[in-house]
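**Q** Sharing structure.txt, compact mmCIF, C-alpha atoms and all ligand atoms:
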# COMPACT_ATOMS: atom_id res chain seq x y z
CA MET A 52 -4.63 -35.00 -16.31
CA ASN A 53 -6.73 -36.22 -19.15
CA HIS A 54 -8.38 -39.49 -18.28
CA ARG A 55 -10.34 -39.50 -21.48
CA ARG A 56 -7.15 -40.08 -23.41
CA ARG A 57 -6.88 -43.80 -23.54
CA ILE A 58 -4.62 -46.29 -25.10
CA SER A 59 -6.37 -47.49 -28.18
CA ALA A 60 -7.71 -51.00 -28.16
CA PHE A 61 -5.79 -53.60 -30.03
CA SER A 62 -6.20 -57.23 -30.66
CA LEU A 63 -4.30 -59.51 -28.35
CA LYS A 64 -4.03 -61.84 -31.31
CA ASP A 65 -2.33 -59.13 -33.34
CA ARG A 66 0.42 -58.57 -30.83
CA GLY A 67 3.59 -60.02 -32.24
CA ARG A 68 6.67 -60.69 -30.12
CA ASP A 69 8.45 -57.78 -31.77
CA SER A 70 5.72 -55.25 -31.12
CA ALA A 71 6.78 -51.95 -29.58
CA GLY A 72 5.57 -53.12 -26.18
CA VAL A 73 2.73 -51.83 -24.11
CA ALA A 74 4.26 -48.44 -23.40
CA GLY A 75 4.83 -47.95 -27.11
CA MET A 76 1.10 -48.20 -27.74
CA ARG A 77 0.38 -44.95 -25.98
CA PRO A 78 -1.16 -42.38 -28.32
CA PRO A 79 1.13 -39.66 -29.67
CA GLY A 80 1.63 -36.70 -27.39
CA TYR A 81 0.73 -38.63 -24.29
CA GLY A 82 2.63 -36.94 -21.50
CA ARG A 83 3.46 -37.73 -17.92
CA LEU A 84 1.70 -35.49 -15.48
CA GLU A 85 2.36 -34.82 -11.84
CA PRO A 86 -0.19 -36.20 -9.39
CA ARG A 87 -2.82 -33.69 -8.47
CA ALA A 88 -3.12 -32.97 -4.77
CA GLY A 89 -5.28 -35.42 -2.91
CA SER A 90 -6.20 -37.73 -5.75
CA VAL A 91 -7.67 -41.08 -4.73
CA VAL A 92 -7.33 -44.16 -6.92
CA ALA A 93 -8.91 -47.48 -5.96
CA PHE A 94 -7.95 -50.85 -7.43
CA HIS A 95 -10.58 -53.52 -7.83
CA GLY A 96 -10.50 -56.91 -9.51
CA GLY A 97 -13.38 -58.16 -11.64
CA LYS A 98 -12.62 -61.51 -10.04
CA GLY A 99 -10.21 -62.67 -7.34
CA GLY A 100 -6.54 -63.14 -8.17
CA VAL A 101 -6.36 -60.97 -11.30
CA GLY A 102 -3.52 -58.77 -10.06
CA ALA A 103 -5.31 -55.80 -8.44
CA THR A 104 -3.00 -55.74 -5.42
CA MET A 105 0.10 -56.06 -7.55
CA LEU A 106 -0.95 -53.09 -9.70
CA ALA A 107 -1.75 -50.97 -6.62
CA ALA A 108 1.65 -51.78 -5.13
CA GLU A 109 3.52 -51.06 -8.35
CA CYS A 110 1.84 -47.67 -8.61
CA ALA A 111 2.78 -46.91 -5.00
CA TRP A 112 6.43 -47.86 -5.68
CA MET A 113 6.56 -45.74 -8.83
CA LEU A 114 4.92 -42.68 -7.29
CA ALA A 115 7.16 -42.87 -4.22
CA SER A 116 10.25 -43.20 -6.42
CA ARG A 117 9.12 -40.08 -8.32
CA GLY A 118 9.06 -38.22 -5.01
CA SER A 119 5.30 -38.17 -4.59
CA ASP A 120 3.73 -38.18 -1.16
CA VAL A 121 1.77 -41.41 -1.43
CA VAL A 122 -0.21 -43.49 1.01
CA ALA A 123 -1.72 -46.90 0.28
CA ILE A 124 -4.66 -48.37 2.15
CA ASP A 125 -4.99 -52.13 2.39
CA ALA A 126 -8.77 -52.42 2.44
CA ASP A 127 -8.70 -56.20 2.20
CA LEU A 128 -9.42 -56.73 5.87
CA GLU A 129 -9.46 -60.52 5.70
CA ARG A 130 -6.53 -61.38 3.44
CA GLY A 131 -4.71 -58.17 2.73
CA CYS A 132 -1.15 -58.65 1.51
CA LEU A 133 -0.24 -55.20 0.20
CA GLY A 134 2.46 -54.98 2.87
CA TYR A 135 4.35 -57.87 1.28
CA TYR A 136 4.21 -56.27 -2.17
CA LEU A 137 5.42 -52.96 -0.74
CA ASP A 138 8.08 -54.61 1.39
CA VAL A 139 6.66 -52.96 4.49
CA PRO A 140 7.45 -54.71 7.75
CA VAL A 141 3.96 -55.43 9.06
CA SER A 142 3.51 -56.98 12.52
CA PRO A 143 0.52 -57.69 14.77
CA GLU A 144 1.31 -54.31 16.35
CA SER A 145 0.86 -52.47 13.03
CA TYR A 146 -2.22 -50.32 12.84
CA SER A 147 -4.98 -51.00 10.36
CA LEU A 148 -8.28 -49.50 9.29
CA ILE A 149 -9.89 -51.41 12.17
CA ASP A 150 -7.82 -49.40 14.67
CA LEU A 151 -8.93 -46.13 13.10
CA VAL A 152 -12.65 -46.88 13.24
CA PRO A 153 -13.12 -45.70 16.86
CA VAL A 154 -11.35 -42.41 16.07
CA ILE A 155 -12.59 -41.98 12.50
CA ASP A 156 -14.12 -38.58 13.33
CA GLU A 157 -10.93 -37.31 14.99
CA LEU A 158 -8.23 -38.19 12.47
CA THR A 159 -5.62 -35.61 13.36
CA PRO A 160 -2.31 -35.54 11.42
CA ARG A 161 -0.64 -37.12 14.47
CA VAL A 162 -3.14 -39.99 14.66
CA ILE A 163 -2.73 -40.64 10.94
CA GLU A 164 1.07 -40.55 11.06
CA ASN A 165 1.13 -42.97 14.01
CA ALA A 166 -1.18 -45.38 12.22
CA LEU A 167 0.92 -45.66 9.07
CA SER A 168 3.76 -48.06 8.37
CA VAL A 169 6.56 -46.98 6.04
CA GLY A 170 8.00 -49.09 3.25
CA SER A 171 11.54 -49.12 1.94
CA CYS A 172 10.24 -47.29 -1.15
CA GLY A 173 9.01 -44.41 1.00
CA ALA A 174 5.30 -45.06 0.49
CA ARG A 175 3.14 -45.07 3.60
CA LEU A 176 0.79 -47.98 4.25
CA LEU A 177 -2.31 -48.43 6.33
CA ALA A 178 -1.84 -52.15 6.69
CA ALA A 179 -4.41 -54.93 6.72
CA PRO A 180 -5.28 -56.15 10.19
CA ALA A 181 -3.30 -59.09 11.49
CA GLY A 182 -5.33 -62.23 12.06
CA GLY A 183 -7.51 -62.10 9.00
CA SER A 184 -10.85 -62.78 10.69
CA PRO A 185 -13.98 -61.25 9.14
CA ARG A 186 -14.78 -57.75 10.39
CA THR A 187 -17.60 -55.36 9.85
CA VAL A 188 -16.79 -51.71 9.40
CA ASP A 189 -19.30 -48.92 9.17
CA ALA A 190 -19.72 -48.06 5.48
CA THR A 191 -19.29 -44.34 6.22
CA CYS A 192 -15.66 -44.92 7.26
CA PRO A 193 -14.15 -44.92 3.76
CA ALA A 194 -15.36 -41.41 2.94
CA LYS A 195 -14.06 -40.05 6.24
CA LEU A 196 -10.73 -41.83 5.96
CA LEU A 197 -10.20 -40.84 2.34
CA GLY A 198 -11.11 -37.23 3.12
CA SER A 199 -8.53 -37.05 5.90
CA LEU A 200 -5.78 -38.79 3.94
CA ALA A 201 -6.35 -36.76 0.78
CA GLU A 202 -5.81 -33.59 2.84
CA ARG A 203 -2.41 -34.82 3.96
CA PHE A 204 -1.16 -36.84 0.95
CA SER A 205 -1.03 -35.98 -2.71
CA THR A 206 -2.02 -39.51 -3.72
CA VAL A 207 -4.11 -42.06 -1.89
CA LEU A 208 -4.20 -45.59 -3.32
CA VAL A 209 -6.72 -48.14 -2.11
CA ASP A 210 -6.40 -51.87 -2.67
CA THR A 211 -9.82 -53.45 -2.34
CA PRO A 212 -10.75 -57.12 -1.95
CA PRO A 213 -12.71 -58.85 -4.72
CA ALA A 214 -15.97 -58.94 -2.73
CA LEU A 215 -18.19 -55.95 -3.52
CA ASP A 216 -19.33 -55.47 0.08
CA PRO A 217 -20.45 -52.11 1.53
CA LEU A 218 -16.95 -51.26 2.71
CA THR A 219 -15.42 -51.90 -0.71
CA LEU A 220 -18.21 -49.94 -2.37
CA GLY A 221 -17.53 -47.07 0.02
CA PHE A 222 -13.93 -46.95 -1.16
CA LEU A 223 -14.90 -47.22 -4.82
CA LEU A 224 -17.44 -44.42 -4.43
CA GLY A 225 -14.89 -42.26 -2.63
CA ALA A 226 -12.23 -42.67 -5.30
CA ASP A 227 -11.59 -40.26 -8.15
CA ARG A 228 -10.59 -43.18 -10.38
CA VAL A 229 -11.21 -46.92 -10.14
CA VAL A 230 -8.72 -49.21 -11.82
CA PHE A 231 -10.83 -52.22 -12.71
CA VAL A 232 -8.61 -55.21 -13.42
CA VAL A 233 -9.61 -58.19 -15.53
CA THR A 234 -7.81 -61.07 -17.18
CA PRO A 235 -8.66 -62.16 -20.73
CA GLU A 236 -10.58 -65.28 -19.82
CA VAL A 237 -14.24 -66.19 -19.90
CA ALA A 238 -14.63 -66.88 -16.18
CA CYS A 239 -13.24 -63.48 -15.25
CA LEU A 240 -15.11 -61.50 -17.91
CA GLY A 241 -18.43 -63.14 -17.16
CA THR A 242 -18.08 -62.26 -13.48
CA SER A 243 -16.75 -58.80 -14.26
CA ARG A 244 -19.77 -57.77 -16.31
CA GLY A 245 -22.02 -58.41 -13.31
CA VAL A 246 -19.64 -56.60 -10.96
CA LEU A 247 -19.52 -53.54 -13.24
CA ALA A 248 -23.32 -53.50 -13.43
CA GLU A 249 -23.51 -53.64 -9.64
CA MET A 250 -20.95 -50.87 -9.32
CA SER A 251 -22.92 -48.67 -11.71
CA ALA A 252 -26.16 -49.41 -9.91
CA SER A 253 -24.47 -48.41 -6.65
CA GLY A 254 -23.38 -45.06 -8.02
CA VAL A 255 -19.82 -45.66 -9.25
CA SER A 256 -19.60 -43.65 -12.45
CA ARG A 257 -18.47 -45.65 -15.47
CA ASP A 258 -16.52 -42.57 -16.54
CA ALA A 259 -14.37 -43.01 -13.45
CA VAL A 260 -13.43 -46.57 -14.33
CA ASP A 261 -10.14 -47.40 -16.06
CA LEU A 262 -10.35 -50.92 -17.43
CA VAL A 263 -7.02 -52.75 -17.36
CA VAL A 264 -6.54 -56.14 -18.96
CA ASN A 265 -3.80 -57.94 -17.06
CA ARG A 266 -1.87 -61.11 -17.84
CA ALA A 267 -2.40 -61.00 -21.59
CA ALA A 268 -0.38 -63.55 -23.53
CA PRO A 269 0.36 -64.18 -27.19
CA GLY A 270 -2.25 -66.51 -28.60
CA ASP A 271 -4.99 -65.48 -26.19
CA GLY A 272 -8.37 -66.31 -27.65
CA ILE A 273 -10.12 -63.18 -26.42
CA THR A 274 -9.12 -59.83 -27.89
CA ALA A 275 -9.13 -56.43 -26.19
CA HIS A 276 -11.77 -55.35 -28.68
CA GLU A 277 -14.02 -58.23 -27.64
CA ILE A 278 -13.47 -57.32 -24.00
CA GLU A 279 -14.47 -53.74 -24.69
CA ARG A 280 -17.61 -54.80 -26.48
CA TYR A 281 -18.56 -57.33 -23.84
CA LEU A 282 -17.96 -55.06 -20.85
CA GLY A 283 -19.09 -51.87 -22.57
CA LEU A 284 -15.97 -49.98 -21.52
CA PRO A 285 -12.86 -48.87 -23.37
CA VAL A 286 -9.71 -50.78 -22.48
CA ALA A 287 -7.27 -48.31 -20.96
CA LEU A 288 -4.28 -50.61 -20.97
CA VAL A 289 -3.23 -54.19 -21.65
CA LEU A 290 -0.46 -55.66 -19.50
CA PRO A 291 1.42 -58.78 -20.50
CA ASP A 292 1.71 -61.94 -18.44
CA ASP A 293 5.11 -62.36 -16.81
CA ALA A 294 4.59 -64.78 -13.94
CA ARG A 295 8.21 -65.73 -13.31
CA ARG A 296 9.35 -62.15 -13.06
CA CYS A 297 6.42 -61.23 -10.78
CA ARG A 298 7.19 -64.09 -8.45
CA ARG A 299 10.96 -63.63 -8.39
CA LEU A 300 10.86 -59.89 -7.78
CA GLY A 301 7.91 -60.12 -5.40
CA ASP A 302 9.75 -62.67 -3.27
CA ALA A 303 12.79 -60.41 -3.22
CA GLY A 304 10.66 -57.48 -2.01
CA LEU A 305 11.22 -55.56 -5.24
CA PRO A 306 8.75 -54.03 -7.69
CA VAL A 307 8.44 -55.35 -11.24
CA THR A 308 9.52 -51.91 -12.45
CA SER A 309 12.92 -52.37 -10.77
CA GLU A 310 14.15 -54.04 -13.95
CA LYS A 311 13.51 -53.52 -17.64
CA SER A 312 10.68 -55.60 -19.10
CA ARG A 313 7.55 -55.24 -21.18
CA LEU A 314 5.45 -55.63 -18.06
CA GLY A 315 7.53 -52.96 -16.32
CA SER A 316 6.98 -50.59 -19.25
CA GLY A 317 3.27 -51.33 -19.13
CA LEU A 318 3.14 -50.59 -15.41
CA ALA A 319 4.94 -47.29 -15.98
CA ALA A 320 2.33 -46.51 -18.64
CA LEU A 321 -0.38 -47.24 -16.07
CA ALA A 322 1.15 -44.74 -13.64
CA ASP A 323 1.39 -42.17 -16.45
CA LEU A 324 -2.22 -42.79 -17.35
CA LEU A 325 -3.44 -42.33 -13.80
CA PHE A 326 -1.21 -39.63 -12.32
N1 LIG A 401 0.97 -59.40 -15.33
C1 LIG A 401 1.17 -60.46 -14.54
N2 LIG A 401 1.86 -61.53 -14.99
C2 LIG A 401 2.04 -62.60 -14.22
N3 LIG A 401 1.61 -62.72 -12.97
C3 LIG A 401 0.92 -61.69 -12.46
C4 LIG A 401 0.67 -60.51 -13.21
N4 LIG A 401 -0.04 -59.66 -12.43
C5 LIG A 401 -0.21 -60.29 -11.26
N5 LIG A 401 0.35 -61.50 -11.26
C6 LIG A 401 0.37 -62.49 -10.19
O1 LIG A 401 -0.96 -62.89 -9.92
C7 LIG A 401 -1.08 -63.26 -8.57
C8 LIG A 401 -2.27 -62.55 -7.96
O2 LIG A 401 -1.96 -61.17 -7.90
P1 LIG A 401 -2.68 -60.22 -6.82
O3 LIG A 401 -2.54 -60.73 -5.45
O4 LIG A 401 -2.21 -58.84 -7.10
O5 LIG A 401 -4.18 -60.39 -7.32
P2 LIG A 401 -5.52 -59.81 -6.62
O6 LIG A 401 -6.44 -59.49 -7.74
O7 LIG A 401 -5.18 -58.71 -5.71
O8 LIG A 401 -5.99 -61.08 -5.80
P3 LIG A 401 -7.05 -61.15 -4.59
O9 LIG A 401 -8.36 -61.37 -5.22
O10 LIG A 401 -6.60 -62.31 -3.78
O11 LIG A 401 -6.97 -59.86 -3.84
C9 LIG A 401 0.25 -62.92 -7.90
O12 LIG A 401 1.01 -64.10 -7.81
C10 LIG A 401 0.89 -61.94 -8.87
O13 LIG A 401 2.30 -61.97 -8.84
MG MG A 402 -5.69 -58.40 -3.74
Can the structure in the file be given as structure tokens, please?

**A**
Amino acid sequence: MNHRRRISAFSLKDRGRDSAGVAGMRPPGYGRLEPRAGSVVAFHGGKGGVGATMLAAECAWMLASRGSDVVAIDADLERGCLGYYLDVPVSPESYSLIDLVPVIDELTPRVIENALSVGSCGARLLAAPAGGSPRTVDATCPAKLLGSLAERFSTVLVDTPPALDPLTLGFLLGADRVVFVVTPEVACLGTSRGVLAEMSASGVSRDAVDLVVNRAAPGDGITAHEIERYLGLPVALVLPDDARRCRRLGDAGLPVTSEKSRLGSGLAALADLLF
């Protein structure tokens, strides 16, 4: 897996309707690689609502459909909705990270298996707690949980909430890669620069961050090149906006990649880039 190989930056303004599509912008020779055993990828938004959960779920769907042993953690303890994206039946009886805290030092394969819900796509999910009230979890939990899951699963995906609290930071620090999602708008980019600085100051290596620009549209005023310069990171991938498709397929419990589209191709390119 070569994470240094990145999709070259391009101007959002330059993207015509007839362009080859996002997947077509991959550099020559870019190949799909099998997930390495126990890799951990966390998804974090530079601002709320930029699509971090959707991207995590799409990766889980794709990896599961490729036969990979994948588990997703919903680390958004207050408003986690990964279960909806993954079409996993989640009930108040479903286990969450909160239930694992008391046994975090004794995570046997049986305990882990019992705690996970299974989606129609085959991916396992450690669901968000029902109820959505604020909770405090010891910041050492992420490392322990990720260590145990990475022993059992070939890929561990973590969907984090937008707040950069100690729990979220624990997951970001424990991940091999962090998919950092932004949208091409001033409010998001301004916030994101501060978040990236805080992540770096907290020990998250910038080399581990894959910057994804989501919801790009023709005529956007801010180019990928400007985003790179402003955030000081190369853009790994630009995904187009396709709100109707996202909503329609999401409501039907299906992934965006279940039908052919430019966004679907872009999401497949994301999975190729990461795994
Ligand atoms: N490329 C896209 N085109 C259109 N809509 C999108 C795209 N990506 C995500 N969305 C939509 O944006 C909304 C927010 O997505 P999502 O919940 O994944 O964001 P988030 O960053 O996880 O938000 P939160 O901060 O609440 O956790 C959803 O309605 C989703 O369908
Ligand atoms: Mg989310």

**Q** With a distance cut-off of 12 Å and only C-alpha atoms, select the neighbouring residues of Asn165 of chain A, excluding the residue or stretch itself and same-chain residues fewer than 4 positions from it, and output the selection as a list in words.

**A** Glu144, Ser145, Tyr146, Ser147, Asp150, Leu151, Leu158, Thr159, Pro160, Arg161, Val169, Arg175, Leu176 and Leu177 of chain A

**Q** Please identify every polymer residue within 6 Å of ligand LIG 401 (chain A), using all atoms listed in the file, and present the set as a PyMOL selection string.

**A** chain A and resi 96+99-105+212-213+265-266+290-294+297-298

**Q** Using only C-alpha atoms and all ligand atoms, find each protein or nucleic acid residue lying at most 12 Å from ligand MG 402 (chain A); present the set as a PyMOL selection string.

**A** chain A and resi 93-108+124-136+179+209-214+232

**Q** The selected residues should be written to file as a PDB file, keeping the file's coordinate frame (atoms: C-alpha atoms).

**A**
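New file out-v6.pdb:
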ATOM      1  CA  ALA A  93      -8.910 -47.480  -5.960  1.00  0.00           C
ATOM      2  CA  PHE A  94      -7.950 -50.850  -7.430  1.00  0.00           C
ATOM      3  CA  HIS A  95     -10.580 -53.520  -7.830  1.00  0.00           C
ATOM      4  CA  GLY A  96     -10.500 -56.910  -9.510  1.00  0.00           C
ATOM      5  CA  GLY A  97     -13.380 -58.160 -11.640  1.00  0.00           C
ATOM      6  CA  LYS A  98     -12.620 -61.510 -10.040  1.00  0.00           C
ATOM      7  CA  GLY A  99     -10.210 -62.670  -7.340  1.00  0.00           C
ATOM      8  CA  GLY A 100      -6.540 -63.140  -8.170  1.00  0.00           C
ATOM      9  CA  VAL A 101      -6.360 -60.970 -11.300  1.00  0.00           C
ATOM     10  CA  GLY A 102      -3.520 -58.770 -10.060  1.00  0.00           C
ATOM     11  CA  ALA A 103      -5.310 -55.800  -8.440  1.00  0.00           C
ATOM     12  CA  THR A 104      -3.000 -55.740  -5.420  1.00  0.00           C
ATOM     13  CA  MET A 105       0.100 -56.060  -7.550  1.00  0.00           C
ATOM     14  CA  LEU A 106      -0.950 -53.090  -9.700  1.00  0.00           C
ATOM     15  CA  ALA A 107      -1.750 -50.970  -6.620  1.00  0.00           C
ATOM     16  CA  ALA A 108       1.650 -51.780  -5.130  1.00  0.00           C
ATOM     17  CA  ILE A 124      -4.660 -48.370   2.150  1.00  0.00           C
ATOM     18  CA  ASP A 125      -4.990 -52.130   2.390  1.00  0.00           C
ATOM     19  CA  ALA A 126      -8.770 -52.420   2.440  1.00  0.00           C
ATOM     20  CA  ASP A 127      -8.700 -56.200   2.200  1.00  0.00           C
ATOM     21  CA  LEU A 128      -9.420 -56.730   5.870  1.00  0.00           C
ATOM     22  CA  GLU A 129      -9.460 -60.520   5.700  1.00  0.00           C
ATOM     23  CA  ARG A 130      -6.530 -61.380   3.440  1.00  0.00           C
ATOM     24  CA  GLY A 131      -4.710 -58.170   2.730  1.00  0.00           C
ATOM     25  CA  CYS A 132      -1.150 -58.650   1.510  1.00  0.00           C
ATOM     26  CA  LEU A 133      -0.240 -55.200   0.200  1.00  0.00           C
ATOM     27  CA  GLY A 134       2.460 -54.980   2.870  1.00  0.00           C
ATOM     28  CA  TYR A 135       4.350 -57.870   1.280  1.00  0.00           C
ATOM     29  CA  TYR A 136       4.210 -56.270  -2.170  1.00  0.00           C
ATOM     30  CA  ALA A 179      -4.410 -54.930   6.720  1.00  0.00           C
ATOM     31  CA  VAL A 209      -6.720 -48.140  -2.110  1.00  0.00           C
ATOM     32  CA  ASP A 210      -6.400 -51.870  -2.670  1.00  0.00           C
ATOM     33  CA  THR A 211      -9.820 -53.450  -2.340  1.00  0.00           C
ATOM     34  CA  PRO A 212     -10.750 -57.120  -1.950  1.00  0.00           C
ATOM     35  CA  PRO A 213     -12.710 -58.850  -4.720  1.00  0.00           C
ATOM     36  CA  ALA A 214     -15.970 -58.940  -2.730  1.00  0.00           C
ATOM     37  CA  VAL A 232      -8.610 -55.210 -13.420  1.00  0.00           C
TER      38      VAL A 232
END

**Q** Would you mind listing what lies within 9 Å of Ile149 of chain A as a PyMOL selection string, with only C-alpha atoms counted and same-chain residues fewer than 4 positions away left out?

**A** chain A and resi 128+153+179-180+186-188

**Q** In terms of the shortest atom-to-atom distance over only C-alpha atoms, which of A:Val141, A:Val246, A:Val286, A:Val121 is closest to Arg203 of chain A?

**A**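 Result for the nearest residue to Arg203 of chain A: A:Val121.
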
**Q** Using all atoms listed in the file, which protein or nucleic acid residues come within 12 Å of Leu305 of chain A? Drop anything in the same chain fewer than 3 positions from it, and give the result as a list of chain:residue names.

**A**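 Listing them by chain and then by number gives A:Met105, A:Ala108, A:Glu109, A:Trp112, A:Met113, A:Gly134, A:Tyr135, A:Tyr136, A:Leu137, A:Asp138, A:Val139, A:Gly170, A:Ser171, A:Cys172, A:Arg296, A:Cys297, A:Arg298, A:Arg299, A:Leu300, A:Gly301, A:Asp302, A:Thr308, A:Ser309, A:Glu310, A:Gly315.
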
**Q** Could you save the residues just selected, with C-alpha atoms, as a CSV table (one decimal), keeping the file's coordinate frame?

**A**
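Produced file part13.csv, reproduced below:
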chain,number,residue,atom,x,y,z
A,105,MET,CA,0.1,-56.1,-7.6
A,108,ALA,CA,1.6,-51.8,-5.1
A,109,GLU,CA,3.5,-51.1,-8.4
A,112,TRP,CA,6.4,-47.9,-5.7
A,113,MET,CA,6.6,-45.7,-8.8
A,134,GLY,CA,2.5,-55.0,2.9
A,135,TYR,CA,4.4,-57.9,1.3
A,136,TYR,CA,4.2,-56.3,-2.2
A,137,LEU,CA,5.4,-53.0,-0.7
A,138,ASP,CA,8.1,-54.6,1.4
A,139,VAL,CA,6.7,-53.0,4.5
A,170,GLY,CA,8.0,-49.1,3.2
A,171,SER,CA,11.5,-49.1,1.9
A,172,CYS,CA,10.2,-47.3,-1.2
A,296,ARG,CA,9.4,-62.2,-13.1
A,297,CYS,CA,6.4,-61.2,-10.8
A,298,ARG,CA,7.2,-64.1,-8.4
A,299,ARG,CA,11.0,-63.6,-8.4
A,300,LEU,CA,10.9,-59.9,-7.8
A,301,GLY,CA,7.9,-60.1,-5.4
A,302,ASP,CA,9.8,-62.7,-3.3
A,308,THR,CA,9.5,-51.9,-12.4
A,309,SER,CA,12.9,-52.4,-10.8
A,310,GLU,CA,14.2,-54.0,-14.0
A,315,GLY,CA,7.5,-53.0,-16.3

**Q** Can you measure atom CA of Asp189 of chain A to atom CA of Val92 of chain A for me? One decimal in Å is fine.

**A** 20.6 Å

**Q** Find the residue from A:Thr206, A:Thr234, A:Thr191, A:Thr219 that sits nearest to Ala123 of chain A; use all atoms listed in the file when measuring.

**A**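 Distance minimum relative to Ala123 of chain A lands on A:Thr206.
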
**Q** State, in Å with one decimal place, the distance from atom CA of Ala287 of chain A to atom CA of Ser119 of chain A.

**A** 23.0 Å

**Q** Do you know which residues are at most 7 Å from Val91 of chain A counting only C-alpha atoms, after dropping those on the same chain fewer than 3 positions away, and could you put them as number ranges by chain?

**A** A: 206-208, 226-228

**Q** How many Å separate atom CA of Gly198 of chain A from atom CA of Leu324 of chain A?

**A**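 Computing it gives 23.0 Å between the two atoms.
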
**Q** Nearest to Ala259 of chain A: which of A:Leu325, A:Glu279, A:Leu314, A:Leu288 is it, counting all atoms listed in the file?

**A**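 Of A:Leu325, A:Glu279, A:Leu314, A:Leu288, the one nearest Ala259 of chain A, counting all atoms listed in the file, is A:Leu325.
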
**Q** Could you check which of A:Asp323, A:Asp120, A:Glu157, A:Glu236 is closest to Lys195 of chain A, using only C-alpha atoms?

**A**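 Counting only C-alpha atoms, the residue closest to Lys195 of chain A is A:Glu157.
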
**Q** Using only C-alpha atoms for the distances, tell me which of A:Ala201, A:Val237, A:Ala303, A:Ala190 is nearest to Glu277 of chain A.

**A**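 Under the stated criterion, the closest residue is A:Val237.
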
**Q** Rank nothing, just name the residue among A:Gly241, A:Ala252, A:Pro235, A:Ala194 nearest to Gly272 of chain A, using only C-alpha atoms.

**A**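 Ranking A:Gly241, A:Ala252, A:Pro235, A:Ala194 by distance to Gly272 of chain A, first place goes to A:Pro235.
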